[in-house]
>>> print(open('model-v2.pdb').read())   # PDB, C-alpha atoms
ATOM      1  CA  MET A1125      83.169 108.173 105.655
ATOM      2  CA  ASP A1126      82.655 106.647 102.198
ATOM      3  CA  ALA A1127      85.669 108.559 100.892
ATOM      4  CA  PHE A1128      87.868 107.251 103.715
ATOM      5  CA  LEU A1129      86.765 103.605 103.532
ATOM      6  CA  THR A1130      86.785 103.427  99.745
ATOM      7  CA  SER A1131      90.191 105.106  99.537
ATOM      8  CA  THR A1132      91.646 102.751 102.136
ATOM      9  CA  ALA A1133      90.332  99.621 100.421
ATOM     10  CA  VAL A1134      91.259 100.718  96.903
ATOM     11  CA  VAL A1135      94.860 101.594  97.759
ATOM     12  CA  ALA A1136      95.424  98.582 100.037
ATOM     13  CA  ILE A1137      94.310  96.248  97.258
ATOM     14  CA  ALA A1138      96.103  98.180  94.504
ATOM     15  CA  GLU A1139      99.370  98.061  96.477
ATOM     16  CA  MET A1140      99.469  94.254  96.590
ATOM     17  CA  GLY A1141     102.461  93.223  94.515
ATOM     18  CA  ASP A1142     103.327  96.844  93.733
ATOM     19  CA  LYS A1143     106.942  98.004  93.563
ATOM     20  CA  THR A1144     106.517  99.777  96.896
ATOM     21  CA  GLN A1145     105.919  96.434  98.608
ATOM     22  CA  LEU A1146     109.180  95.201  97.150
ATOM     23  CA  LEU A1147     110.782  98.439  98.314
ATOM     24  CA  SER A1148     109.406  97.792 101.825
ATOM     25  CA  LEU A1149     110.900  94.312 101.792
ATOM     26  CA  LEU A1150     114.300  95.605 100.678
ATOM     27  CA  LEU A1151     114.314  98.402 103.243
ATOM     28  CA  ALA A1152     113.392  95.943 106.006
ATOM     29  CA  ALA A1153     116.302  93.729 104.970
ATOM     30  CA  LYS A1154     118.664  96.701 104.875
ATOM     31  CA  PHE A1155     117.734  98.487 108.122
ATOM     32  CA  ARG A1156     117.043  97.166 111.621
ATOM     33  CA  ASN A1157     114.864 100.087 112.727
ATOM     34  CA  LYS A1158     111.487  98.951 111.359
ATOM     35  CA  MET A1159     109.558 101.789 113.022
ATOM     36  CA  ALA A1160     111.748 104.360 111.228
ATOM     37  CA  ILE A1161     110.849 102.694 107.915
ATOM     38  CA  VAL A1162     107.136 102.812 108.763
ATOM     39  CA  LEU A1163     107.372 106.482 109.775
ATOM     40  CA  GLY A1164     109.256 107.297 106.567
ATOM     41  CA  ILE A1165     106.509 105.618 104.532
ATOM     42  CA  LEU A1166     103.841 107.452 106.537
ATOM     43  CA  VAL A1167     105.360 110.910 105.996
ATOM     44  CA  ALA A1168     106.175 110.279 102.312
ATOM     45  CA  THR A1169     102.661 109.001 101.634
ATOM     46  CA  LEU A1170     100.998 111.855 103.524
ATOM     47  CA  LEU A1171     102.973 114.434 101.535
ATOM     48  CA  ASN A1172     102.514 112.737  98.178
ATOM     49  CA  HIS A1173      98.869 111.788  98.573
ATOM     50  CA  ALA A1174      97.832 115.114 100.135
ATOM     51  CA  ALA A1175      99.227 116.919  97.096
ATOM     52  CA  SER A1176      97.555 114.389  94.794
ATOM     53  CA  ALA A1177      94.192 114.648  96.558
ATOM     54  CA  TRP A1178      94.386 118.436  96.466
ATOM     55  CA  LEU A1179      95.093 118.249  92.711
ATOM     56  CA  GLY A1180      92.110 115.966  92.154
ATOM     57  CA  ALA A1181      89.755 118.191  94.143
ATOM     58  CA  TRP A1182      91.111 121.300  92.397
ATOM     59  CA  LEU A1183      90.798 119.835  88.880
ATOM     60  CA  VAL A1184      87.097 119.118  89.403
ATOM     61  CA  GLY A1185      86.443 122.858  89.481
ATOM     62  CA  PHE A1186      87.726 123.313  85.915
ATOM     63  CA  VAL A1187      85.830 120.580  84.135
ATOM     64  CA  SER A1188      82.129 120.741  83.356
ATOM     65  CA  SER A1189      80.098 118.186  85.262
ATOM     66  CA  SER A1190      79.134 116.130  82.189
ATOM     67  CA  VAL A1191      82.674 116.053  80.758
ATOM     68  CA  GLY A1192      84.121 115.468  84.223
ATOM     69  CA  HIS A1193      81.743 112.577  84.769
ATOM     70  CA  TRP A1194      82.976 110.808  81.615
ATOM     71  CA  LEU A1195      86.631 111.650  82.295
ATOM     72  CA  LEU A1196      86.423 110.327  85.835
ATOM     73  CA  ALA A1197      84.705 107.092  84.809
ATOM     74  CA  GLY A1198      87.156 106.543  81.945
ATOM     75  CA  SER A1199      90.121 107.277  84.206
ATOM     76  CA  PHE A1200      89.005 104.695  86.774
ATOM     77  CA  ILE A1201      88.692 102.118  83.999
ATOM     78  CA  LEU A1202      92.125 103.027  82.579
ATOM     79  CA  VAL A1203      93.748 102.708  86.023
ATOM     80  CA  GLY A1204      92.047  99.313  86.356
ATOM     81  CA  LEU A1205      93.606  98.203  83.089
ATOM     82  CA  TRP A1206      96.965  99.707  84.144
ATOM     83  CA  LEU A1207      96.883  97.569  87.295
ATOM     84  CA  LEU A1208      97.000  94.471  85.116
ATOM     85  CA  VAL A1209     100.535  95.419  84.050
ATOM     86  CA  PRO A1210     103.052  94.129  86.652
ATOM     87  CA  ASP A1211     105.569  96.590  88.100
ATOM     88  CA  LYS A1212     109.254  96.224  87.338
ATOM     89  CA  GLU A1213     111.679  95.839  90.193
ATOM     90  CA  GLU A1214     114.069  98.760  90.537
ATOM     91  CA  ALA A1215     117.531  98.729  92.048
ATOM     92  CA  ILE A1216     118.014 100.595  95.308
ATOM     93  CA  GLY A1217     121.315 102.348  95.689
ATOM     94  CA  SER A1218     123.109 102.321  99.005
ATOM     95  CA  ARG A1219     124.773 105.746  98.743
ATOM     96  CA  PHE A1220     122.056 107.275 100.957
ATOM     97  CA  ASP A1221     122.127 104.605 103.678
ATOM     98  CA  GLN A1222     124.190 106.926 105.859
ATOM     99  CA  TYR A1223     121.091 109.084 106.400
ATOM    100  CA  GLY A1224     119.264 106.281 108.173
ATOM    101  CA  ALA A1225     116.095 104.271 107.708
ATOM    102  CA  PHE A1226     113.655 107.168 108.142
ATOM    103  CA  VAL A1227     115.204 109.519 105.565
ATOM    104  CA  VAL A1228     115.947 106.754 103.061
ATOM    105  CA  SER A1229     112.394 105.375 103.373
ATOM    106  CA  LEU A1230     110.833 108.826 103.114
ATOM    107  CA  VAL A1231     112.790 109.816 100.002
ATOM    108  CA  LEU A1232     112.501 106.474  98.221
ATOM    109  CA  PHE A1233     108.774 106.093  98.913
ATOM    110  CA  PHE A1234     108.015 109.659  97.915
ATOM    111  CA  LEU A1235     109.875 109.194  94.629
ATOM    112  CA  ALA A1236     108.390 105.733  94.019
ATOM    113  CA  GLU A1237     104.878 107.137  94.364
ATOM    114  CA  ILE A1238     105.357 109.869  91.764
ATOM    115  CA  GLY A1239     103.306 108.784  88.781
ATOM    116  CA  ASP A1240     102.455 105.476  90.444
ATOM    117  CA  LYS A1241      99.026 103.863  90.164
ATOM    118  CA  THR A1242      98.115 104.770  93.726
ATOM    119  CA  GLN A1243      99.006 108.419  93.160
ATOM    120  CA  VAL A1244      96.758 108.513  90.101
ATOM    121  CA  ALA A1245      94.076 106.693  92.101
ATOM    122  CA  THR A1246      94.363 109.325  94.831
ATOM    123  CA  VAL A1247      93.777 112.111  92.313
ATOM    124  CA  LEU A1248      90.736 110.257  90.941
ATOM    125  CA  LEU A1249      89.319 109.427  94.372
ATOM    126  CA  ALA A1250      89.617 113.055  95.480
ATOM    127  CA  ALA A1251      87.891 114.160  92.281
ATOM    128  CA  GLU A1252      85.132 111.617  92.893
ATOM    129  CA  PHE A1253      84.579 112.335  96.592
ATOM    130  CA  LYS A1254      85.689 116.002  96.652
ATOM    131  CA  SER A1255      87.412 115.419  99.986
ATOM    132  CA  VAL A1256      91.129 116.064 100.294
ATOM    133  CA  VAL A1257      91.338 115.140 103.985
ATOM    134  CA  TRP A1258      89.361 111.868 103.922
ATOM    135  CA  VAL A1259      90.903 110.644 100.679
ATOM    136  CA  THR A1260      94.424 111.460 101.909
ATOM    137  CA  ALA A1261      93.744 109.712 105.230
ATOM    138  CA  GLY A1262      92.252 106.693 103.475
ATOM    139  CA  THR A1263      94.931 106.292 100.834
ATOM    140  CA  THR A1264      97.658 106.728 103.443
ATOM    141  CA  LEU A1265      96.087 104.080 105.660
ATOM    142  CA  GLY A1266      95.734 101.805 102.619
ATOM    143  CA  MET A1267      99.430 102.240 101.871
ATOM    144  CA  LEU A1268     100.317 101.346 105.459
ATOM    145  CA  VAL A1269      97.951  98.347 105.500
ATOM    146  CA  ALA A1270      99.719  96.981 102.430
ATOM    147  CA  ASN A1271     103.318  97.751 103.432
ATOM    148  CA  VAL A1272     103.663  97.497 107.217
ATOM    149  CA  PRO A1273     103.087  93.713 107.321
ATOM    150  CA  VAL A1274     105.779  93.314 104.662
ATOM    151  CA  ILE A1275     108.217  95.297 106.807
ATOM    152  CA  TYR A1276     107.623  93.162 109.880
ATOM    153  CA  LEU A1277     106.845  89.767 108.355
ATOM    154  CA  GLY A1278     109.054  90.062 105.310
ATOM    155  CA  ALA A1279     109.643  87.344 102.782
ATOM    156  CA  ARG A1280     107.331  84.812 104.460
ATOM    157  CA  LEU A1281     104.356  87.056 103.818
ATOM    158  CA  MET A1282     105.419  87.884 100.260
ATOM    159  CA  GLU A1283     105.551  84.163  99.427
ATOM    160  CA  LYS A1284     101.987  83.553 100.647
ATOM    161  CA  ILE A1285     100.183  86.447  98.944
ATOM    162  CA  PRO A1286      98.845  85.548  95.485
ATOM    163  CA  PHE A1287      99.948  88.738  93.718
ATOM    164  CA  GLN A1288      98.401  87.801  90.384
ATOM    165  CA  LEU A1289      95.002  87.362  92.041
ATOM    166  CA  THR A1290      95.277  90.613  94.016
ATOM    167  CA  ARG A1291      96.307  92.490  90.877
ATOM    168  CA  TRP A1292      93.212  91.120  89.091
ATOM    169  CA  LEU A1293      90.980  92.022  92.046
ATOM    170  CA  ALA A1294      92.360  95.553  92.208
ATOM    171  CA  ALA A1295      91.867  95.959  88.451
ATOM    172  CA  ALA A1296      88.296  94.678  88.733
ATOM    173  CA  LEU A1297      87.605  97.100  91.593
ATOM    174  CA  PHE A1298      88.795 100.108  89.569
ATOM    175  CA  ILE A1299      86.888  99.013  86.476
ATOM    176  CA  LEU A1300      83.769  98.492  88.618
ATOM    177  CA  MET A1301      84.181 101.987  90.106
ATOM    178  CA  GLY A1302      84.479 103.365  86.569
ATOM    179  CA  GLY A1303      81.348 101.482  85.542
ATOM    180  CA  LEU A1304      79.443 102.730  88.578
ATOM    181  CA  ALA A1305      80.580 106.275  87.853
ATOM    182  CA  LEU A1306      79.048 105.922  84.389
ATOM    183  CA  LEU A1307      75.706 105.051  85.968
TER     184      LEU A1307
END
>>> encode(input="model-v2.pdb", output="structure tokens")
Amino acid sequence: MDAFLTSTAVVAIAEMGDKTQLLSLLLAAKFRNKMAIVLGILVATLLNHAASAWLGAWLVGFVSSSVGHWLLAGSFILVGLWLLVPDKEEAIGSRFDQYGAFVVSLVLFFLAEIGDKTQVATVLLAAEFKSVVWVTAGTTLGMLVANVPVIYLGARLMEKIPFQLTRWLAAALFILMGGLALL
């Protein structure tokens, strides 16, 4: 249960102010079918984070426990520092709008997550907890916790969330996890 709860909290906090929240806002403005957007995010995140969690759990088998311990702790700290760097907004093309909200959301979210902080966090969390299923479930729920309110509440919610503070809190959480891993 620790893997699930930690993964949910870490990703939900890390997603605050992330480019995928801006993507959620843009998709909600572009498409009326909000549930299709949510389902697209769900499927994209499940696919992306399951592969990432599997990679993290698999990599643990190739690194000695002492080296792996230091690599894992250092990686958590590096992701914490990476979270301090704000994401850049990317343009969303409309050439794929004909495929509908579900397909557009699925493709754009899957691509947006490749190499993203939460994908790296998923790899690290799976390496830490050695649980593909619980980490994938937790990080997916964390992604939904962060993005679904943006889809339904839109710009009003985005104006009220202090993104700078949440970015600092997420960074502190990762750095703390790295520090705890060192102990």
>>> resolve_selection(input="model-v2.pdb", expression="the PyMOL selection byres ((chain A and resi 1164) around 10)", output="JSON, numbers by chain")
{"A": [1158, 1159, 1160, 1161, 1162, 1163, 1165, 1166, 1167, 1168, 1169, 1170, 1225, 1226, 1227, 1228, 1229, 1230, 1231, 1232, 1233, 1234]}
>>> residues_around(input="model-v2.pdb", residues="Ala1175 (chain A)", least_positions_apart="6", cutoff="9 Å", atoms="only C-alpha atoms", output="list in words")
Val1247, Val1256 and Thr1260 of chain A
>>> write_last_selection(input="model-v2.pdb", atoms="C-alpha atoms", output="mmCIF file, keeping the file's coordinate frame")
data_model
loop_
_atom_site.group_PDB
_atom_site.id
_atom_site.type_symbol
_atom_site.label_atom_id
_atom_site.label_comp_id
_atom_site.auth_asym_id
_atom_site.auth_seq_id
_atom_site.Cartn_x
_atom_site.Cartn_y
_atom_site.Cartn_z
ATOM 1 C CA VAL A 1247 93.777 112.111 92.313
ATOM 2 C CA VAL A 1256 91.129 116.064 100.294
ATOM 3 C CA THR A 1260 94.424 111.460 101.909
#
>>> atom_distance(input="model-v2.pdb", atom1="CA of Val1135 (chain A)", atom2="CA of Gln1243 (chain A)")
9.2 Å
>>> closest_residue(input="model-v2.pdb", among="A:Ala1133, A:Leu1307, A:Leu1205, A:Ile1275", to="Leu1146 (chain A)", atoms="only C-alpha atoms")
A:Ile1275
>>> atom_distance(input="model-v2.pdb", atom1="CA of Ile1299 (chain A)", atom2="CA of Phe1253 (chain A)")
16.9 Å
>>> closest_residue(input="model-v2.pdb", among="A:Ala1261, A:Ile1201, A:Ala1251, A:Leu1306", to="His1173 (chain A)", atoms="all atoms listed in the file")
A:Ala1261
